[in-house]
$ cat run-v4.tsv   # TSV, N, CA and C atoms
chain	number	residue	atom	x	y	z
A	1	MET	N	0.84	-1.18	0.00
A	1	MET	CA	0.00	0.00	0.00
A	1	MET	C	0.89	1.25	0.00
A	2	VAL	N	0.48	2.23	-0.75
A	2	VAL	CA	1.18	3.50	-0.80
A	2	VAL	C	0.47	4.44	0.17
A	3	GLN	N	1.09	4.72	1.30
A	3	GLN	CA	0.43	5.47	2.36
A	3	GLN	C	0.12	6.91	2.00
A	4	ALA	N	0.90	7.52	1.14
A	4	ALA	CA	0.67	8.93	0.79
A	4	ALA	C	-0.62	9.10	-0.02
A	5	ARG	N	-1.05	8.08	-0.72
A	5	ARG	CA	-2.26	8.08	-1.53
A	5	ARG	C	-2.34	9.26	-2.49
A	6	PRO	N	-1.34	9.46	-3.35
A	6	PRO	CA	-1.44	10.53	-4.33
A	6	PRO	C	-2.56	10.22	-5.33
A	7	ASP	N	-3.13	11.26	-5.93
A	7	ASP	CA	-4.13	11.03	-6.98
A	7	ASP	C	-3.48	10.29	-8.14
A	8	ILE	N	-2.26	10.69	-8.49
A	8	ILE	CA	-1.49	10.04	-9.54
A	8	ILE	C	-0.02	10.04	-9.13
A	9	LEU	N	0.62	8.89	-9.23
A	9	LEU	CA	2.04	8.81	-8.96
A	9	LEU	C	2.77	9.00	-10.28
A	10	ASN	N	3.61	10.01	-10.38
A	10	ASN	CA	4.33	10.31	-11.61
A	10	ASN	C	5.82	10.08	-11.45
A	11	HIS	N	6.40	9.42	-12.44
A	11	HIS	CA	7.84	9.31	-12.56
A	11	HIS	C	8.16	9.27	-14.04
A	12	ASN	N	8.81	10.31	-14.54
A	12	ASN	CA	9.07	10.41	-15.96
A	12	ASN	C	10.23	9.53	-16.40
A	13	LEU	N	9.97	8.72	-17.41
A	13	LEU	CA	11.03	7.93	-18.03
A	13	LEU	C	11.97	8.85	-18.80
A	14	GLU	N	11.45	9.88	-19.40
A	14	GLU	CA	12.16	10.93	-20.14
A	14	GLU	C	12.52	10.55	-21.56
A	15	THR	N	13.22	9.43	-21.76
A	15	THR	CA	13.69	9.11	-23.10
A	15	THR	C	13.88	7.61	-23.26
A	16	ILE	N	14.38	7.24	-24.40
A	16	ILE	CA	14.62	5.83	-24.73
A	16	ILE	C	15.87	5.32	-24.02
A	17	ASP	N	16.01	4.03	-23.98
A	17	ASP	CA	17.14	3.41	-23.28
A	17	ASP	C	18.49	3.90	-23.81
A	18	ARG	N	18.65	3.97	-25.14
A	18	ARG	CA	19.93	4.35	-25.74
A	18	ARG	C	20.37	5.76	-25.34
A	19	LEU	N	19.44	6.66	-25.14
A	19	LEU	CA	19.77	8.05	-24.83
A	19	LEU	C	19.63	8.39	-23.34
A	20	TYR	N	19.34	7.39	-22.54
A	20	TYR	CA	18.99	7.66	-21.14
A	20	TYR	C	20.11	8.35	-20.36
A	21	ARG	N	21.32	7.89	-20.49
A	21	ARG	CA	22.45	8.48	-19.73
A	21	ARG	C	22.72	9.92	-20.13
A	22	ILE	N	22.38	10.28	-21.36
A	22	ILE	CA	22.55	11.66	-21.82
A	22	ILE	C	21.47	12.56	-21.20
A	23	ALA	N	20.24	12.09	-21.24
A	23	ALA	CA	19.12	12.89	-20.74
A	23	ALA	C	19.06	12.92	-19.21
A	24	ARG	N	19.43	11.83	-18.58
A	24	ARG	CA	19.37	11.72	-17.12
A	24	ARG	C	20.68	11.17	-16.59
A	25	PRO	N	21.71	12.01	-16.55
A	25	PRO	CA	23.00	11.53	-16.03
A	25	PRO	C	22.82	10.96	-14.62
A	26	GLY	N	23.38	9.81	-14.41
A	26	GLY	CA	23.24	9.16	-13.11
A	26	GLY	C	22.00	8.31	-12.99
A	27	GLY	N	21.07	8.46	-13.92
A	27	GLY	CA	19.85	7.67	-13.89
A	27	GLY	C	20.01	6.38	-14.66
A	28	ARG	N	19.08	5.47	-14.43
A	28	ARG	CA	19.09	4.20	-15.16
A	28	ARG	C	17.70	3.91	-15.68
A	29	TYR	N	17.61	3.59	-16.94
A	29	TYR	CA	16.34	3.29	-17.61
A	29	TYR	C	15.59	2.18	-16.87
A	30	ALA	N	16.27	1.07	-16.62
A	30	ALA	CA	15.63	-0.07	-15.97
A	30	ALA	C	15.14	0.28	-14.57
A	31	ARG	N	15.88	1.11	-13.87
A	31	ARG	CA	15.49	1.50	-12.50
A	31	ARG	C	14.22	2.36	-12.52
A	32	ALA	N	14.11	3.24	-13.51
A	32	ALA	CA	12.90	4.05	-13.64
A	32	ALA	C	11.68	3.17	-13.89
A	33	LEU	N	11.83	2.18	-14.75
A	33	LEU	CA	10.74	1.24	-15.01
A	33	LEU	C	10.40	0.44	-13.76
A	34	GLU	N	11.42	0.05	-13.02
A	34	GLU	CA	11.21	-0.72	-11.79
A	34	GLU	C	10.41	0.08	-10.76
A	35	LEU	N	10.71	1.36	-10.64
A	35	LEU	CA	9.97	2.19	-9.69
A	35	LEU	C	8.48	2.20	-10.02
A	36	LEU	N	8.16	2.35	-11.29
A	36	LEU	CA	6.76	2.37	-11.71
A	36	LEU	C	6.10	1.01	-11.50
A	37	ARG	N	6.82	-0.06	-11.78
A	37	ARG	CA	6.28	-1.40	-11.57
A	37	ARG	C	6.01	-1.67	-10.10
A	38	ARG	N	6.95	-1.28	-9.26
A	38	ARG	CA	6.78	-1.52	-7.82
A	38	ARG	C	5.60	-0.74	-7.24
A	39	ALA	N	5.39	0.45	-7.75
A	39	ALA	CA	4.23	1.23	-7.29
A	39	ALA	C	2.94	0.47	-7.56
A	40	LYS	N	2.83	-0.11	-8.75
A	40	LYS	CA	1.65	-0.90	-9.10
A	40	LYS	C	1.55	-2.17	-8.27
A	41	GLU	N	2.68	-2.77	-7.96
A	41	GLU	CA	2.67	-3.97	-7.13
A	41	GLU	C	2.17	-3.64	-5.73
A	42	LEU	N	2.54	-2.48	-5.22
A	42	LEU	CA	2.09	-2.08	-3.89
A	42	LEU	C	0.60	-1.79	-3.85
A	43	ASP	N	0.09	-1.20	-4.93
A	43	ASP	CA	-1.33	-0.85	-4.98
A	43	ASP	C	-1.78	-0.82	-6.43
A	44	ALA	N	-2.45	-1.87	-6.85
A	44	ALA	CA	-2.88	-1.98	-8.24
A	44	ALA	C	-3.90	-0.91	-8.63
A	45	THR	N	-4.56	-0.29	-7.67
A	45	THR	CA	-5.55	0.74	-7.98
A	45	THR	C	-4.93	2.12	-8.13
A	46	LEU	N	-3.66	2.26	-7.78
A	46	LEU	CA	-2.96	3.54	-7.88
A	46	LEU	C	-2.75	3.90	-9.35
A	47	LEU	N	-3.14	5.10	-9.74
A	47	LEU	CA	-2.87	5.57	-11.09
A	47	LEU	C	-1.41	5.98	-11.19
A	48	THR	N	-0.75	5.50	-12.24
A	48	THR	CA	0.64	5.88	-12.47
A	48	THR	C	0.76	6.58	-13.81
A	49	LYS	N	1.72	7.49	-13.89
A	49	LYS	CA	1.93	8.31	-15.07
A	49	LYS	C	3.41	8.44	-15.32
A	50	SER	N	3.77	8.51	-16.60
A	50	SER	CA	5.14	8.76	-16.97
A	50	SER	C	5.16	9.64	-18.22
A	51	GLY	N	6.30	10.25	-18.47
A	51	GLY	CA	6.42	11.12	-19.63
A	51	GLY	C	7.67	10.82	-20.43
A	52	LEU	N	7.57	11.05	-21.73
A	52	LEU	CA	8.69	10.91	-22.65
A	52	LEU	C	8.92	12.23	-23.35
A	53	MET	N	10.19	12.58	-23.55
A	53	MET	CA	10.55	13.72	-24.37
A	53	MET	C	10.93	13.18	-25.75
A	54	VAL	N	10.53	13.89	-26.78
A	54	VAL	CA	10.94	13.51	-28.12
A	54	VAL	C	11.78	14.62	-28.73
A	55	GLY	N	12.56	14.28	-29.72
A	55	GLY	CA	13.40	15.27	-30.37
A	55	GLY	C	14.85	15.23	-29.91
A	56	LEU	N	15.22	14.14	-29.25
A	56	LEU	CA	16.60	14.01	-28.76
A	56	LEU	C	17.45	13.11	-29.66
A	57	GLY	N	16.87	12.65	-30.74
A	57	GLY	CA	17.60	11.78	-31.66
A	57	GLY	C	17.10	10.35	-31.67
A	58	GLU	N	15.97	10.13	-31.02
A	58	GLU	CA	15.42	8.78	-30.99
A	58	GLU	C	14.76	8.44	-32.32
A	59	GLU	N	14.66	7.16	-32.58
A	59	GLU	CA	13.96	6.64	-33.76
A	59	GLU	C	12.56	6.21	-33.34
A	60	TRP	N	11.63	6.20	-34.29
A	60	TRP	CA	10.24	5.84	-34.00
A	60	TRP	C	10.16	4.48	-33.32
A	61	ASP	N	10.89	3.49	-33.84
A	61	ASP	CA	10.84	2.15	-33.25
A	61	ASP	C	11.33	2.15	-31.80
A	62	GLU	N	12.30	2.99	-31.50
A	62	GLU	CA	12.80	3.09	-30.12
A	62	GLU	C	11.74	3.69	-29.20
A	63	LEU	N	10.99	4.66	-29.71
A	63	LEU	CA	9.89	5.23	-28.92
A	63	LEU	C	8.82	4.18	-28.65
A	64	LEU	N	8.51	3.39	-29.65
A	64	LEU	CA	7.52	2.32	-29.45
A	64	LEU	C	7.98	1.34	-28.39
A	65	VAL	N	9.26	1.01	-28.37
A	65	VAL	CA	9.79	0.11	-27.33
A	65	VAL	C	9.62	0.74	-25.96
A	66	ALA	N	9.96	2.01	-25.82
A	66	ALA	CA	9.81	2.69	-24.53
A	66	ALA	C	8.35	2.71	-24.09
A	67	MET	N	7.45	2.98	-25.03
A	67	MET	CA	6.02	2.99	-24.70
A	67	MET	C	5.55	1.61	-24.26
A	68	ARG	N	6.02	0.58	-24.95
A	68	ARG	CA	5.66	-0.79	-24.55
A	68	ARG	C	6.26	-1.13	-23.19
A	69	ASP	N	7.49	-0.69	-22.95
A	69	ASP	CA	8.11	-0.93	-21.64
A	69	ASP	C	7.27	-0.31	-20.53
A	70	LEU	N	6.80	0.91	-20.75
A	70	LEU	CA	5.96	1.58	-19.74
A	70	LEU	C	4.65	0.83	-19.54
A	71	ARG	N	4.04	0.40	-20.61
A	71	ARG	CA	2.77	-0.31	-20.51
A	71	ARG	C	2.96	-1.64	-19.79
A	72	THR	N	4.08	-2.30	-20.04
A	72	THR	CA	4.38	-3.56	-19.37
A	72	THR	C	4.47	-3.37	-17.86
A	73	GLN	N	4.90	-2.20	-17.42
A	73	GLN	CA	5.00	-1.91	-15.99
A	73	GLN	C	3.64	-1.52	-15.39
A	74	GLY	N	2.63	-1.42	-16.24
A	74	GLY	CA	1.30	-1.08	-15.76
A	74	GLY	C	1.01	0.41	-15.73
A	75	VAL	N	1.84	1.23	-16.37
A	75	VAL	CA	1.63	2.67	-16.37
A	75	VAL	C	0.30	2.99	-17.05
A	76	ASP	N	-0.51	3.83	-16.39
A	76	ASP	CA	-1.85	4.15	-16.88
A	76	ASP	C	-1.86	5.33	-17.84
A	77	ILE	N	-1.00	6.32	-17.59
A	77	ILE	CA	-1.05	7.57	-18.36
A	77	ILE	C	0.35	7.86	-18.89
A	78	LEU	N	0.41	8.27	-20.16
A	78	LEU	CA	1.67	8.64	-20.77
A	78	LEU	C	1.53	10.02	-21.39
A	79	THR	N	2.49	10.89	-21.11
A	79	THR	CA	2.56	12.18	-21.78
A	79	THR	C	3.80	12.19	-22.66
A	80	VAL	N	3.67	12.86	-23.80
A	80	VAL	CA	4.78	12.98	-24.74
A	80	VAL	C	4.97	14.45	-25.04
A	81	GLY	N	6.17	14.95	-24.83
A	81	GLY	CA	6.46	16.35	-25.06
A	81	GLY	C	7.74	16.53	-25.83
A	82	GLN	N	8.00	17.78	-26.14
A	82	GLN	CA	9.21	18.09	-26.90
A	82	GLN	C	10.04	19.11	-26.19

$ encode --input "run-v4.tsv" --output "structure tokens"
Amino acid sequence: MVQARPDILNHNLETIDRLYRIARPGGRYARALELLRRAKELDATLLTKSGLMVGLGEEWDELLVAMRDLRTQGVDILTVGQ
């Protein structure tokens, strides 16, 4: 259970795996996905959200992989920005 009970738990993935270290120095793509997955494991009713930035040099197929990765973790809402 998530005791804080936010309306929506947000953690932005930001970008694709290949560009992750550039966009989020010190961050790890897999760790960001794990955080979102664990939130759902703690409370399946909790709404989760993540965001992706586009325009950093990613390819369409790489974006689709990132979107599928987020969906696999149970993310409910995705925002895409530039």

$ residues_around --input "run-v4.tsv" --residues "Ala44 of chain A" --least-positions-apart "5" --cutoff "12 Å" --atoms "only C-alpha atoms" --output "list of chain:residue names"
A:Met1, A:Val2, A:Leu9, A:Leu36, A:Arg37, A:Arg38, A:Ala39, A:Gln73, A:Gly74, A:Val75, A:Asp76

$ select_by_dssp --input "run-v4.tsv" --residues "chain A" --states "alpha helix (DSSP H)" --output "VMD selection string"
chain A and resid 20 to 23 29 to 42 60 to 72

$ atom_distance --input "run-v4.tsv" --atom1 "atom CA of Gly27 of chain A" --atom2 "atom C of Thr45 of chain A"
26.0 Å

$ closest_residue --input "run-v4.tsv" --among "A:Leu33, A:Ala23, A:Leu13, A:Ala4" --to "Thr72 of chain A" --atoms "only C-alpha atoms"
A:Leu33

$ atom_distance --input "run-v4.tsv" --atom1 "atom CA of Val65 of chain A" --atom2 "atom CA of His11 of chain A"
17.5 Å

$ select_by_dssp --input "run-v4.tsv" --residues "chain A" --states "strand (DSSP E or B)" --output "number ranges by chain"
A: 9-10, 14, 48-53, 77-81

$ residues_around --input "run-v4.tsv" --residues "segment 54-64 of chain A" --least-positions-apart "6" --cutoff "7 Å" --atoms "all atoms listed in the file" --output "PyMOL selection string"
chain A and resi 14-17+80-82

$ atom_distance --input "run-v4.tsv" --atom1 "atom CA of Glu41 of chain A" --atom2 "atom C of Gly26 of chain A"
23.6 Å

$ closest_residue --input "run-v4.tsv" --among "A:Ala30, A:Ile22, A:Leu35, A:Leu46" --to "Asp7 of chain A" --atoms "all atoms listed in the file"
A:Leu46

$ axis_aligned_box --input "run-v4.tsv" --around "segment 47-50 of chain A" --padding-each-side "4 Å" --output "AutoDock Vina command-line options"
--center_x 1.0 --center_y 7.4 --center_z -14.0 --size_x 16.3 --size_y 12.5 --size_z 16.5

$ closest_residue --input "run-v4.tsv" --among "A:Lys49, A:Asp43, A:Pro25, A:Pro6" --to "Arg71 of chain A" --atoms "only C-alpha atoms"
A:Lys49
